[in-house]
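Source file: target.cif. Holds: mmCIF, C-alpha atoms.
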```cif
data_work
loop_
_atom_site.group_PDB
_atom_site.id
_atom_site.type_symbol
_atom_site.label_atom_id
_atom_site.label_comp_id
_atom_site.auth_asym_id
_atom_site.auth_seq_id
_atom_site.Cartn_x
_atom_site.Cartn_y
_atom_site.Cartn_z
ATOM 1 C CA MET A 6 103.580 124.615 238.444
ATOM 2 C CA THR A 7 99.832 123.972 238.956
ATOM 3 C CA GLY A 8 97.652 120.889 238.826
ATOM 4 C CA ARG A 9 97.029 121.499 235.151
ATOM 5 C CA ASP A 10 100.760 121.171 234.425
ATOM 6 C CA LEU A 11 101.203 117.822 236.164
ATOM 7 C CA ASP A 12 102.442 114.999 234.007
ATOM 8 C CA PRO A 13 99.850 112.291 233.263
ATOM 9 C CA THR A 14 101.251 109.722 235.686
ATOM 10 C CA LEU A 15 101.141 112.158 238.589
ATOM 11 C CA LEU A 16 97.629 113.210 237.608
ATOM 12 C CA ARG A 17 96.464 109.605 237.628
ATOM 13 C CA LEU A 18 98.159 108.963 240.972
ATOM 14 C CA LEU A 19 96.712 112.040 242.661
ATOM 15 C CA GLY A 20 93.291 111.911 241.005
ATOM 16 C CA PRO A 21 90.992 114.816 240.216
ATOM 17 C CA GLY A 22 91.044 116.150 243.793
ATOM 18 C CA GLU A 23 87.447 117.352 243.644
ATOM 19 C CA ARG A 24 84.197 116.028 244.995
ATOM 20 C CA GLU A 25 83.219 113.076 242.862
ATOM 21 C CA LEU A 26 80.583 110.387 242.606
ATOM 22 C CA ASP A 27 81.501 106.797 243.342
ATOM 23 C CA CYS A 28 81.119 104.054 240.707
ATOM 24 C CA ASP A 29 77.630 103.017 241.819
ATOM 25 C CA GLU A 30 76.361 106.598 241.750
ATOM 26 C CA CYS A 31 78.008 107.083 238.371
ATOM 27 C CA PHE A 32 76.182 104.043 236.990
ATOM 28 C CA THR A 33 72.875 105.286 238.397
ATOM 29 C CA GLN A 34 73.259 108.702 236.770
ATOM 30 C CA LEU A 35 75.003 107.681 233.541
ATOM 31 C CA ASN A 36 71.908 107.425 231.304
ATOM 32 C CA ARG A 37 70.591 110.805 232.443
ATOM 33 C CA TYR A 38 74.000 112.453 232.173
ATOM 34 C CA VAL A 39 74.681 111.265 228.630
ATOM 35 C CA GLU A 40 71.249 112.277 227.370
ATOM 36 C CA LEU A 41 71.765 115.722 228.894
ATOM 37 C CA GLU A 42 75.163 115.977 227.199
ATOM 38 C CA LEU A 43 73.747 115.007 223.828
ATOM 39 C CA ALA A 44 70.892 117.482 224.246
ATOM 40 C CA GLY A 45 73.447 120.250 224.785
ATOM 41 C CA GLU A 46 72.323 120.746 228.379
ATOM 42 C CA PRO A 47 74.784 121.612 231.182
ATOM 43 C CA ALA A 48 75.100 118.007 232.289
ATOM 44 C CA ASP A 49 77.773 118.795 234.869
ATOM 45 C CA GLU A 50 75.478 121.246 236.622
ATOM 46 C CA HIS A 51 72.705 118.662 236.727
ATOM 47 C CA VAL A 52 74.968 115.840 237.883
ATOM 48 C CA PRO A 53 77.727 117.358 240.028
ATOM 49 C CA GLY A 54 80.675 115.086 240.669
ATOM 50 C CA MET A 55 80.221 113.054 237.485
ATOM 51 C CA ARG A 56 82.941 114.776 235.454
ATOM 52 C CA SER A 57 85.522 114.345 238.231
ATOM 53 C CA HIS A 58 84.636 110.696 238.563
ATOM 54 C CA LEU A 59 85.038 110.116 234.842
ATOM 55 C CA VAL A 60 88.485 111.714 235.077
ATOM 56 C CA GLY A 61 89.446 109.474 237.993
ATOM 57 C CA CYS A 62 87.915 106.145 236.962
ATOM 58 C CA PRO A 63 89.062 104.676 233.635
ATOM 59 C CA ALA A 64 86.424 101.919 233.630
ATOM 60 C CA CYS A 65 83.467 104.255 234.130
ATOM 61 C CA ALA A 66 84.994 106.652 231.601
ATOM 62 C CA GLU A 67 85.048 103.886 228.978
ATOM 63 C CA GLU A 68 81.424 103.049 229.621
ATOM 64 C CA HIS A 69 80.464 106.711 229.414
ATOM 65 C CA GLU A 70 82.231 107.001 226.054
ATOM 66 C CA SER A 71 80.514 103.869 224.803
ATOM 67 C CA LEU A 72 77.011 104.926 225.818
ATOM 68 C CA ARG A 73 77.513 108.284 224.217
ATOM 69 C CA ALA A 74 78.870 106.736 221.026
ATOM 70 C CA LEU A 75 76.035 104.212 220.838
ATOM 71 C CA LEU A 76 73.370 106.892 221.245
ATOM 72 C CA GLU A 77 75.080 109.006 218.606
ATOM 73 C CA LEU A 78 75.046 105.999 216.291
ATOM 74 C CA ASP A 79 71.345 105.437 217.010
ATOM 75 C CA SER A 80 70.584 109.039 216.184
ATOM 76 C CA VAL A 81 71.981 108.722 212.654
ATOM 77 C CA SER A 82 70.703 105.229 211.846
ATOM 78 C CA MET C 10 45.493 120.267 211.497
ATOM 79 C CA PRO C 11 47.899 117.577 210.292
ATOM 80 C CA PRO C 12 47.325 113.931 211.169
ATOM 81 C CA ALA C 13 48.761 112.954 214.558
ATOM 82 C CA ASP C 14 51.545 110.811 213.111
ATOM 83 C CA THR C 15 52.970 113.714 211.109
ATOM 84 C CA ASN C 16 52.467 116.412 213.709
ATOM 85 C CA PRO C 17 55.959 117.567 214.795
ATOM 86 C CA ASP C 18 54.768 118.033 218.364
ATOM 87 C CA MET C 19 53.557 114.445 218.514
ATOM 88 C CA SER C 20 56.870 113.196 217.083
ATOM 89 C CA ALA C 21 58.754 115.075 219.762
ATOM 90 C CA LEU C 22 56.566 113.525 222.432
ATOM 91 C CA ALA C 23 57.117 110.051 221.034
ATOM 92 C CA ALA C 24 60.895 110.539 221.253
ATOM 93 C CA ALA C 25 60.865 112.130 224.702
ATOM 94 C CA PRO C 26 62.597 110.309 227.550
ATOM 95 C CA GLY C 27 60.473 107.907 229.526
ATOM 96 C CA LEU C 28 57.541 107.772 227.132
ATOM 97 C CA GLU C 29 58.302 104.449 225.468
ATOM 98 C CA GLU C 30 55.557 102.361 226.951
ATOM 99 C CA TRP C 31 56.380 98.907 225.689
ATOM 100 C CA HIS C 32 58.716 98.361 228.625
ATOM 101 C CA LEU C 33 55.710 98.447 230.972
ATOM 102 C CA ASP C 34 54.837 95.035 229.554
ATOM 103 C CA LEU C 35 57.978 93.658 231.199
ATOM 104 C CA ASP C 36 55.892 93.609 234.367
ATOM 105 C CA ALA C 37 52.941 91.954 232.622
ATOM 106 C CA GLN C 38 52.134 88.256 232.308
ATOM 107 C CA GLY C 39 51.951 85.845 229.387
ATOM 108 C CA PRO C 40 52.597 86.687 225.728
ATOM 109 C CA ARG C 41 52.799 90.448 226.301
ATOM 110 C CA ARG C 42 55.638 89.947 228.727
ATOM 111 C CA GLU C 43 57.383 87.442 226.460
ATOM 112 C CA GLU C 44 57.220 89.892 223.591
ATOM 113 C CA ALA C 45 58.580 92.705 225.759
ATOM 114 C CA VAL C 46 61.427 90.514 227.089
ATOM 115 C CA ALA C 47 62.369 89.542 223.535
ATOM 116 C CA ARG C 48 62.401 93.214 222.553
ATOM 117 C CA LEU C 49 64.515 94.068 225.590
ATOM 118 C CA HIS C 50 66.981 91.324 224.737
ATOM 119 C CA GLY C 51 67.305 92.674 221.215
ATOM 120 C CA ILE C 52 68.180 96.111 222.566
ATOM 121 C CA LEU C 53 70.684 94.673 225.018
ATOM 122 C CA LEU C 54 72.301 92.507 222.369
ATOM 123 C CA ARG C 55 72.739 95.507 220.102
ATOM 124 C CA ALA C 56 74.553 97.379 222.899
ATOM 125 C CA ALA C 57 76.636 94.368 223.935
ATOM 126 C CA ARG C 58 77.777 93.713 220.365
ATOM 127 C CA PHE C 59 78.611 97.372 219.959
ATOM 128 C CA GLU C 60 80.807 97.306 223.064
ATOM 129 C CA VAL C 61 82.490 93.948 222.426
ATOM 130 C CA PHE C 62 83.435 94.810 218.852
ATOM 131 C CA ARG C 63 84.471 98.324 219.879
ATOM 132 C CA ARG C 64 86.925 96.816 222.399
ATOM 133 C CA SER C 65 87.866 93.783 220.299
ATOM 134 C CA GLY C 66 91.428 95.058 219.913
ATOM 135 C CA ALA C 67 91.968 93.848 223.483
ATOM 136 C CA LEU C 68 91.023 90.306 222.403
ATOM 137 C CA PRO C 69 93.004 89.570 219.225
ATOM 138 C CA GLN C 70 92.901 85.833 219.974
ATOM 139 C CA LEU C 71 89.103 85.639 219.645
ATOM 140 C CA SER C 72 87.321 84.991 216.358
ATOM 141 C CA ALA C 73 84.263 86.969 215.307
ATOM 142 C CA VAL C 74 82.093 84.041 216.381
ATOM 143 C CA GLU C 75 83.702 83.966 219.829
ATOM 144 C CA LEU C 76 83.311 87.715 220.179
ATOM 145 C CA ASP C 77 79.647 87.376 219.326
ATOM 146 C CA GLU C 78 79.263 84.626 221.924
ATOM 147 C CA LEU C 79 80.754 86.999 224.475
ATOM 148 C CA ALA C 80 78.229 89.658 223.451
ATOM 149 C CA GLN C 81 75.397 87.135 223.757
ATOM 150 C CA GLU C 82 76.525 86.248 227.290
ATOM 151 C CA ALA C 83 76.700 89.921 228.189
ATOM 152 C CA ALA C 84 73.209 90.545 226.809
ATOM 153 C CA ASP C 85 71.836 87.563 228.740
ATOM 154 C CA ASP C 86 73.399 88.772 232.000
ATOM 155 C CA ALA C 87 72.254 92.328 231.350
ATOM 156 C CA ALA C 88 68.683 91.119 230.789
ATOM 157 C CA VAL C 89 68.723 89.489 234.216
ATOM 158 C CA SER C 90 69.994 92.738 235.774
ATOM 159 C CA VAL C 91 67.471 94.914 233.962
ATOM 160 C CA LEU C 92 64.524 92.695 234.884
ATOM 161 C CA ARG C 93 65.685 92.591 238.499
ATOM 162 C CA ARG C 94 66.031 96.369 238.665
ATOM 163 C CA LEU C 95 62.999 97.517 236.681
ATOM 164 C CA GLY C 96 61.788 99.395 239.747
ATOM 165 C CA ASP C 97 64.916 101.581 239.624
ATOM 166 C CA PHE C 98 63.900 103.096 236.278
ATOM 167 C CA ARG C 99 62.561 106.546 237.077
ATOM 168 C CA GLY C 100 62.109 107.933 233.581
ATOM 169 C CA GLU C 101 65.055 110.325 233.832
ATOM 170 C CA SER C 102 66.140 109.157 230.375
ATOM 171 C CA SER C 103 64.592 106.972 227.724
ATOM 172 C CA PHE C 104 64.155 103.376 228.766
ATOM 173 C CA ARG C 105 66.419 102.325 225.912
ATOM 174 C CA THR C 106 69.298 104.457 227.211
ATOM 175 C CA TRP C 107 68.752 103.150 230.720
ATOM 176 C CA ALA C 108 68.799 99.559 229.478
ATOM 177 C CA TYR C 109 71.812 100.113 227.224
ATOM 178 C CA LYS C 110 74.052 100.954 230.159
ATOM 179 C CA PHE C 111 73.517 97.521 231.707
ATOM 180 C CA ALA C 112 74.592 95.783 228.506
ATOM 181 C CA LEU C 113 77.583 98.076 228.030
ATOM 182 C CA LEU C 114 78.712 97.398 231.599
ATOM 183 C CA GLU C 115 78.363 93.628 231.277
ATOM 184 C CA ALA C 116 80.138 93.605 227.923
ATOM 185 C CA ALA C 117 82.952 95.893 229.053
ATOM 186 C CA VAL C 118 83.606 93.843 232.176
ATOM 187 C CA LYS C 119 83.623 90.598 230.181
ATOM 188 C CA VAL C 120 86.083 92.020 227.656
ATOM 189 C CA ARG C 121 88.417 93.268 230.381
ATOM 190 C CA ARG C 122 88.313 90.003 232.294
ATOM 191 C CA ARG C 123 88.839 87.901 229.168
ATOM 192 C CA ALA C 124 91.764 90.080 228.109
ATOM 193 C CA TRP C 125 93.408 89.563 231.496
ATOM 194 C CA ARG C 126 92.357 85.958 232.011
ATOM 195 C CA ASP C 127 95.829 84.520 231.494
ATOM 196 C CA ARG C 128 97.775 87.505 232.755
ATOM 197 C CA GLU C 129 99.249 87.753 236.183
ATOM 198 C CA VAL C 130 98.218 90.711 238.293
ATOM 199 C CA THR C 131 101.292 91.897 240.116
ATOM 200 C CA LEU C 132 100.695 93.318 243.542
ATOM 201 C CA GLU C 133 104.340 93.643 244.466
ATOM 202 C CA PRO C 134 104.632 96.919 246.351
ATOM 203 C CA GLU C 135 108.196 97.394 245.093
ATOM 204 C CA HIS C 136 106.926 98.043 241.582
ATOM 205 C CA TRP C 137 106.059 101.618 242.313
ATOM 206 C CA GLU C 138 109.681 102.321 243.194
ATOM 207 C CA SER C 139 110.357 102.244 239.466
ATOM 208 C CA LEU C 140 107.762 104.955 239.002
ATOM 209 C CA ALA C 141 109.190 107.036 236.248
ATOM 210 C CA HIS C 142 108.290 110.320 234.751
ATOM 211 C CA ALA C 143 105.730 109.765 232.028
ATOM 212 C CA GLY C 144 107.605 112.207 229.873
ATOM 213 C CA PRO C 145 108.620 115.809 229.821
ATOM 214 C CA GLY C 146 105.734 118.100 230.615
ATOM 215 C CA PRO C 147 105.350 121.829 230.386
ATOM 216 C CA ALA C 148 106.354 122.236 234.015
ATOM 217 C CA ASP C 149 109.832 122.816 235.281
ATOM 218 C CA ASP C 150 111.636 119.463 235.292
ATOM 219 C CA ALA C 151 113.397 119.992 238.606
ATOM 220 C CA GLU C 152 110.125 120.827 240.324
ATOM 221 C CA SER C 153 108.404 117.870 238.691
ATOM 222 C CA ALA C 154 111.190 115.574 239.822
ATOM 223 C CA ALA C 155 110.928 116.901 243.370
ATOM 224 C CA LEU C 156 107.164 116.459 243.360
ATOM 225 C CA LEU C 157 107.561 112.958 242.028
ATOM 226 C CA GLU C 158 109.864 112.150 244.920
ATOM 227 C CA VAL C 159 107.300 113.508 247.390
ATOM 228 C CA VAL C 160 104.608 111.349 245.791
ATOM 229 C CA ARG C 161 106.909 108.334 245.917
ATOM 230 C CA ASP C 162 107.501 108.995 249.598
ATOM 231 C CA GLY C 163 103.752 109.353 250.117
ATOM 232 C CA ILE C 164 103.088 106.009 248.487
ATOM 233 C CA ARG C 165 105.678 104.475 250.805
ATOM 234 C CA THR C 166 104.643 106.134 254.073
ATOM 235 C CA ALA C 167 101.129 107.559 253.872
ATOM 236 C CA LEU C 168 99.155 104.632 252.472
ATOM 237 C CA THR C 169 98.009 101.378 253.985
ATOM 238 C CA PRO C 170 99.399 98.242 252.296
ATOM 239 C CA ARG C 171 96.039 97.544 250.607
ATOM 240 C CA GLN C 172 95.718 101.159 249.418
ATOM 241 C CA ARG C 173 99.225 100.892 247.994
ATOM 242 C CA GLN C 174 98.382 97.650 246.194
ATOM 243 C CA VAL C 175 95.255 99.077 244.622
ATOM 244 C CA LEU C 176 96.853 102.361 243.596
ATOM 245 C CA VAL C 177 99.901 100.680 242.096
ATOM 246 C CA ALA C 178 97.889 98.028 240.255
ATOM 247 C CA VAL C 179 95.271 100.349 238.802
ATOM 248 C CA VAL C 180 97.326 103.460 238.124
ATOM 249 C CA LEU C 181 100.848 102.221 237.475
ATOM 250 C CA GLU C 182 100.261 98.680 236.216
ATOM 251 C CA GLY C 183 97.110 99.529 234.260
ATOM 252 C CA VAL C 184 95.111 96.641 235.691
ATOM 253 C CA PRO C 185 91.399 97.239 234.984
ATOM 254 C CA ILE C 186 89.566 97.830 238.234
ATOM 255 C CA ASP C 187 87.068 95.036 237.467
ATOM 256 C CA VAL C 188 89.901 92.564 236.964
ATOM 257 C CA LEU C 189 91.531 93.609 240.216
ATOM 258 C CA ALA C 190 88.186 93.375 242.015
ATOM 259 C CA GLU C 191 87.715 89.822 240.759
ATOM 260 C CA ARG C 192 91.220 88.780 241.862
ATOM 261 C CA LEU C 193 90.796 90.360 245.295
ATOM 262 C CA GLY C 194 87.255 89.075 245.830
ATOM 263 C CA SER C 195 85.912 92.618 245.929
ATOM 264 C CA ASN C 196 83.875 94.858 243.634
ATOM 265 C CA ARG C 197 84.492 97.941 241.533
ATOM 266 C CA ASN C 198 82.836 100.384 243.901
ATOM 267 C CA ALA C 199 84.710 99.193 246.970
ATOM 268 C CA LEU C 200 88.057 99.284 245.170
ATOM 269 C CA TYR C 201 87.389 102.709 243.729
ATOM 270 C CA LYS C 202 86.608 104.024 247.206
ATOM 271 C CA MET C 203 89.943 102.605 248.340
ATOM 272 C CA LEU C 204 91.665 104.257 245.388
ATOM 273 C CA HIS C 205 89.912 107.526 246.190
ATOM 274 C CA ASP C 206 91.037 107.378 249.822
ATOM 275 C CA ALA C 207 94.589 106.591 248.729
ATOM 276 C CA ARG C 208 94.601 109.586 246.409
ATOM 277 C CA ARG C 209 93.250 111.828 249.150
ATOM 278 C CA ARG C 210 96.018 110.713 251.493
ATOM 279 C CA LEU C 211 98.614 111.279 248.795
ATOM 280 C CA ARG C 212 97.279 114.767 248.145
ATOM 281 C CA SER C 213 97.463 115.584 251.859
ATOM 282 C CA HIS C 214 101.008 114.286 251.953
ATOM 283 C CA VAL C 215 101.965 116.432 248.970
ATOM 284 C CA ALA C 216 100.305 119.496 250.519
ATOM 285 C CA GLU C 217 102.083 118.951 253.837
ATOM 286 C CA ALA C 218 105.363 118.805 251.937
ATOM 287 C CA GLY C 219 104.691 122.302 250.617
ATOM 288 C CA TYR C 220 103.401 121.517 247.146
ATOM 289 C CA SER C 221 99.788 122.640 247.560
ATOM 290 C CA GLU C 222 99.929 124.868 244.514
ATOM 291 C CA ALA C 223 101.224 122.074 242.320
ATOM 292 C CA ILE C 224 98.109 119.980 242.855
ATOM 293 C CA GLU C 225 95.411 122.673 242.835
#
```
Show the structure stored in the file as structure tokens.
Amino acid sequence: MTGRDLDPTLLRLLGPGERELDCDECFTQLNRYVELELAGEPADEHVPGMRSHLVGCPACAEEHESLRALLELDSVS
Amino acid sequence: MPPADTNPDMSALAAAPGLEEWHLDLDAQGPRREEAVARLHGILLRAARFEVFRRSGALPQLSAVELDELAQEAADDAAVSVLRRLGDFRGESSFRTWAYKFALLEAAVKVRRRAWRDREVTLEPEHWESLAHAGPGPADDAESAALLEVVRDGIRTALTPRQRQVLVAVVLEGVPIDVLAERLGSNRNALYKMLHDARRRLRSHVAEAGYSEAIE
């Protein structure tokens, strides 16, 4: 069994287990990160630790999803 | 040469991050500033409405009018934050994207807090004892069960009482971290750091018990 096989509850309890940003750093970088993602750039290389934080923090993950969805909506309207 | 407004290169420049100049008027005086603040508020309200209605399933008791009032409050609070932190904008994205995130944060936090306003947040440490398997996974069940027991033991012995409370509330009880922060008189960042430290201790405990491979 490896980390990828863990059931969801254990994954949430143990967290991503990698270097990650904290919530304040995530908020600071969120606008840049999402624009990089939408531009098809390697956002995770530009903002290391963001992906792990989004895995570990449900609140920041929701706000990341929302910003991305809003920008996608803007781009078609 | 085509006119400037139809030149593709000029269009690309106009859409490039950081080149919307109207926001500079937020630092101006008089009518220019008022116009810029009104424009900012419009942007923030759009984002706040988007977020509130996107998460409205969490607030079935609220009418459309009440949801819109919540979005208005979020936009108002976000405007205060944006104007206070204008100096933080470094042009690493468009100004609109930078401003949006403040409204999305305010709206998301308001929705979470309203949804939990009348709900009790249980911090009883015994709750984690009922920690059950979330369901059969691809891994061997016996090994998963053993790992679960190690994690349970780690929660009991390796964490401080406050770390245990935060981990149990956020991960097992599904309490939004902003709601927990409000109830504990703390903030999201401080609680997440506590959660992060708790997870690190749990991982060490699991590794010491011989399950390093299971969590890599």
- Item | Output of the PyMOL selection byres ((chain A and resi 21) around 7), listed as an MDAnalysis selection string | chainID A and resid 19:20 22:23 57 60:61
- Task: Give as a list of chain:residue names every residue, naming chains and numbers as the document does, that has an atom within 7 Å of (74.0, 102.3, 219.3), counting only C-alpha atoms.
- Result: A:Ala74, A:Leu75, A:Leu76, A:Glu77, A:Leu78, A:Asp79, C:Arg55, C:Ala56, C:Phe59
- Message: the PyMOL selection byres ((chain A and resi 32) around 12) - which residues does that actually catch in the file I just gave you? List them as a ChimeraX atom specification.
- Response: /A:26-31,33-39,52,55,58-59,62,64-69,72 /C:97,106-114,197-198
Could you write out the selected residues, including C-alpha atoms, as a PDB file, in the coordinates of the input?
```pdb
ATOM      1  CA  LEU A  26      80.583 110.387 242.606  1.00  0.00           C
ATOM      2  CA  ASP A  27      81.501 106.797 243.342  1.00  0.00           C
ATOM      3  CA  CYS A  28      81.119 104.054 240.707  1.00  0.00           C
ATOM      4  CA  ASP A  29      77.630 103.017 241.819  1.00  0.00           C
ATOM      5  CA  GLU A  30      76.361 106.598 241.750  1.00  0.00           C
ATOM      6  CA  CYS A  31      78.008 107.083 238.371  1.00  0.00           C
ATOM      7  CA  THR A  33      72.875 105.286 238.397  1.00  0.00           C
ATOM      8  CA  GLN A  34      73.259 108.702 236.770  1.00  0.00           C
ATOM      9  CA  LEU A  35      75.003 107.681 233.541  1.00  0.00           C
ATOM     10  CA  ASN A  36      71.908 107.425 231.304  1.00  0.00           C
ATOM     11  CA  ARG A  37      70.591 110.805 232.443  1.00  0.00           C
ATOM     12  CA  TYR A  38      74.000 112.453 232.173  1.00  0.00           C
ATOM     13  CA  VAL A  39      74.681 111.265 228.630  1.00  0.00           C
ATOM     14  CA  VAL A  52      74.968 115.840 237.883  1.00  0.00           C
ATOM     15  CA  MET A  55      80.221 113.054 237.485  1.00  0.00           C
ATOM     16  CA  HIS A  58      84.636 110.696 238.563  1.00  0.00           C
ATOM     17  CA  LEU A  59      85.038 110.116 234.842  1.00  0.00           C
ATOM     18  CA  CYS A  62      87.915 106.145 236.962  1.00  0.00           C
ATOM     19  CA  ALA A  64      86.424 101.919 233.630  1.00  0.00           C
ATOM     20  CA  CYS A  65      83.467 104.255 234.130  1.00  0.00           C
ATOM     21  CA  ALA A  66      84.994 106.652 231.601  1.00  0.00           C
ATOM     22  CA  GLU A  67      85.048 103.886 228.978  1.00  0.00           C
ATOM     23  CA  GLU A  68      81.424 103.049 229.621  1.00  0.00           C
ATOM     24  CA  HIS A  69      80.464 106.711 229.414  1.00  0.00           C
ATOM     25  CA  LEU A  72      77.011 104.926 225.818  1.00  0.00           C
TER      26      LEU A  72
ATOM     27  CA  ASP C  97      64.916 101.581 239.624  1.00  0.00           C
ATOM     28  CA  THR C 106      69.298 104.457 227.211  1.00  0.00           C
ATOM     29  CA  TRP C 107      68.752 103.150 230.720  1.00  0.00           C
ATOM     30  CA  ALA C 108      68.799  99.559 229.478  1.00  0.00           C
ATOM     31  CA  TYR C 109      71.812 100.113 227.224  1.00  0.00           C
ATOM     32  CA  LYS C 110      74.052 100.954 230.159  1.00  0.00           C
ATOM     33  CA  PHE C 111      73.517  97.521 231.707  1.00  0.00           C
ATOM     34  CA  ALA C 112      74.592  95.783 228.506  1.00  0.00           C
ATOM     35  CA  LEU C 113      77.583  98.076 228.030  1.00  0.00           C
ATOM     36  CA  LEU C 114      78.712  97.398 231.599  1.00  0.00           C
ATOM     37  CA  ARG C 197      84.492  97.941 241.533  1.00  0.00           C
ATOM     38  CA  ASN C 198      82.836 100.384 243.901  1.00  0.00           C
TER      39      ASN C 198
END
```
- Note on the structure: Separating CA of Val91 in chain C from CA of Val118 in chain C, to the nearest tenth of an Å, is a gap of 16.3 Å
- Note on the structure: Between CA of His214 in chain C and CA of Ile164 in chain C lies a distance of 9.2 Å
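Nearest residue to Leu189 in chain C, choosing from C:Arg48, C:Arg161, C:Arg212, C:Arg122 and counting only C-alpha atoms: C:Arg122.
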- Task: Mind giving me the straight-line distance from CA of Asp85 in chain C to CA of Leu53 in chain C in Å, one decimal?
- Result: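 These two atoms are separated by 8.1 Å.
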Evaluating the PyMOL selection byres ((chain C) within 9 of (chain A)) on the displayed file yields which residues, as a compact mmCIF listing (two decimals) with C-alpha atoms, keeping the file's coordinate frame?
```txt
# COMPACT_ATOMS: atom_id res chain seq x y z
CA PRO C 26 62.60 110.31 227.55
CA ALA C 56 74.55 97.38 222.90
CA PHE C 59 78.61 97.37 219.96
CA GLU C 60 80.81 97.31 223.06
CA ARG C 63 84.47 98.32 219.88
CA ASP C 97 64.92 101.58 239.62
CA GLU C 101 65.06 110.32 233.83
CA SER C 102 66.14 109.16 230.38
CA SER C 103 64.59 106.97 227.72
CA THR C 106 69.30 104.46 227.21
CA TRP C 107 68.75 103.15 230.72
CA ALA C 108 68.80 99.56 229.48
CA TYR C 109 71.81 100.11 227.22
CA LYS C 110 74.05 100.95 230.16
CA PHE C 111 73.52 97.52 231.71
CA LEU C 113 77.58 98.08 228.03
CA LEU C 114 78.71 97.40 231.60
CA ALA C 117 82.95 95.89 229.05
CA VAL C 118 83.61 93.84 232.18
CA LEU C 140 107.76 104.96 239.00
CA ALA C 141 109.19 107.04 236.25
CA HIS C 142 108.29 110.32 234.75
CA ALA C 143 105.73 109.76 232.03
CA GLY C 144 107.60 112.21 229.87
CA PRO C 145 108.62 115.81 229.82
CA GLY C 146 105.73 118.10 230.62
CA PRO C 147 105.35 121.83 230.39
CA ALA C 148 106.35 122.24 234.02
CA ASP C 149 109.83 122.82 235.28
CA GLU C 152 110.12 120.83 240.32
CA SER C 153 108.40 117.87 238.69
CA LEU C 156 107.16 116.46 243.36
CA LEU C 157 107.56 112.96 242.03
CA VAL C 160 104.61 111.35 245.79
CA LEU C 176 96.85 102.36 243.60
CA VAL C 177 99.90 100.68 242.10
CA VAL C 180 97.33 103.46 238.12
CA LEU C 181 100.85 102.22 237.48
CA PRO C 185 91.40 97.24 234.98
CA ILE C 186 89.57 97.83 238.23
CA ASP C 187 87.07 95.04 237.47
CA ARG C 197 84.49 97.94 241.53
CA ASN C 198 82.84 100.38 243.90
CA ALA C 199 84.71 99.19 246.97
CA TYR C 201 87.39 102.71 243.73
CA LYS C 202 86.61 104.02 247.21
CA LEU C 204 91.66 104.26 245.39
CA HIS C 205 89.91 107.53 246.19
CA ALA C 207 94.59 106.59 248.73
CA ARG C 208 94.60 109.59 246.41
CA ARG C 209 93.25 111.83 249.15
CA ARG C 210 96.02 110.71 251.49
CA LEU C 211 98.61 111.28 248.80
CA ARG C 212 97.28 114.77 248.14
CA SER C 221 99.79 122.64 247.56
CA GLU C 222 99.93 124.87 244.51
CA ALA C 223 101.22 122.07 242.32
CA ILE C 224 98.11 119.98 242.86
CA GLU C 225 95.41 122.67 242.84
```
Go ahead and fit an axis-aligned box to every listed atom of range 44-51 of chain A plus 5 Å each side, and pass me the centre and edge lengths in Å, one decimal, as AutoDock Vina command-line options.
```
--center_x 74.3 --center_y 119.5 --center_z 230.5 --size_x 16.9 --size_y 14.1 --size_z 22.5
```
Because the input lacks atoms here, generate N, CA and C atoms for range 35-45 of chain A and report them as a PDB file, in the coordinates of the input.
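Final output, saved to part_26.pdb:
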```
ATOM      1  N   LEU A  35      74.354 107.639 234.868  1.00  0.00           N
ATOM      2  CA  LEU A  35      75.003 107.681 233.541  1.00  0.00           C
ATOM      3  C   LEU A  35      74.019 107.933 232.401  1.00  0.00           C
ATOM      4  N   ASN A  36      72.875 107.261 232.405  1.00  0.00           N
ATOM      5  CA  ASN A  36      71.908 107.425 231.304  1.00  0.00           C
ATOM      6  C   ASN A  36      71.406 108.864 231.236  1.00  0.00           C
ATOM      7  N   ARG A  37      71.087 109.425 232.401  1.00  0.00           N
ATOM      8  CA  ARG A  37      70.591 110.805 232.443  1.00  0.00           C
ATOM      9  C   ARG A  37      71.683 111.777 231.986  1.00  0.00           C
ATOM     10  N   TYR A  38      72.882 111.557 232.476  1.00  0.00           N
ATOM     11  CA  TYR A  38      74.000 112.453 232.173  1.00  0.00           C
ATOM     12  C   TYR A  38      74.293 112.484 230.673  1.00  0.00           C
ATOM     13  N   VAL A  39      74.338 111.316 230.055  1.00  0.00           N
ATOM     14  CA  VAL A  39      74.681 111.265 228.630  1.00  0.00           C
ATOM     15  C   VAL A  39      73.566 111.886 227.782  1.00  0.00           C
ATOM     16  N   GLU A  40      72.329 111.640 228.146  1.00  0.00           N
ATOM     17  CA  GLU A  40      71.249 112.277 227.370  1.00  0.00           C
ATOM     18  C   GLU A  40      71.298 113.797 227.521  1.00  0.00           C
ATOM     19  N   LEU A  41      71.625 114.272 228.708  1.00  0.00           N
ATOM     20  CA  LEU A  41      71.765 115.722 228.894  1.00  0.00           C
ATOM     21  C   LEU A  41      72.902 116.268 228.031  1.00  0.00           C
ATOM     22  N   GLU A  42      74.026 115.550 228.031  1.00  0.00           N
ATOM     23  CA  GLU A  42      75.163 115.977 227.199  1.00  0.00           C
ATOM     24  C   GLU A  42      74.756 116.078 225.731  1.00  0.00           C
ATOM     25  N   LEU A  43      74.097 115.053 225.249  1.00  0.00           N
ATOM     26  CA  LEU A  43      73.747 115.007 223.828  1.00  0.00           C
ATOM     27  C   LEU A  43      72.677 116.038 223.479  1.00  0.00           C
ATOM     28  N   ALA A  44      71.909 116.453 224.480  1.00  0.00           N
ATOM     29  CA  ALA A  44      70.892 117.482 224.246  1.00  0.00           C
ATOM     30  C   ALA A  44      71.492 118.883 224.359  1.00  0.00           C
ATOM     31  N   GLY A  45      72.791 118.947 224.652  1.00  0.00           N
ATOM     32  CA  GLY A  45      73.447 120.250 224.785  1.00  0.00           C
ATOM     33  C   GLY A  45      73.140 120.944 226.097  1.00  0.00           C
TER      34      GLY A  45
END
```
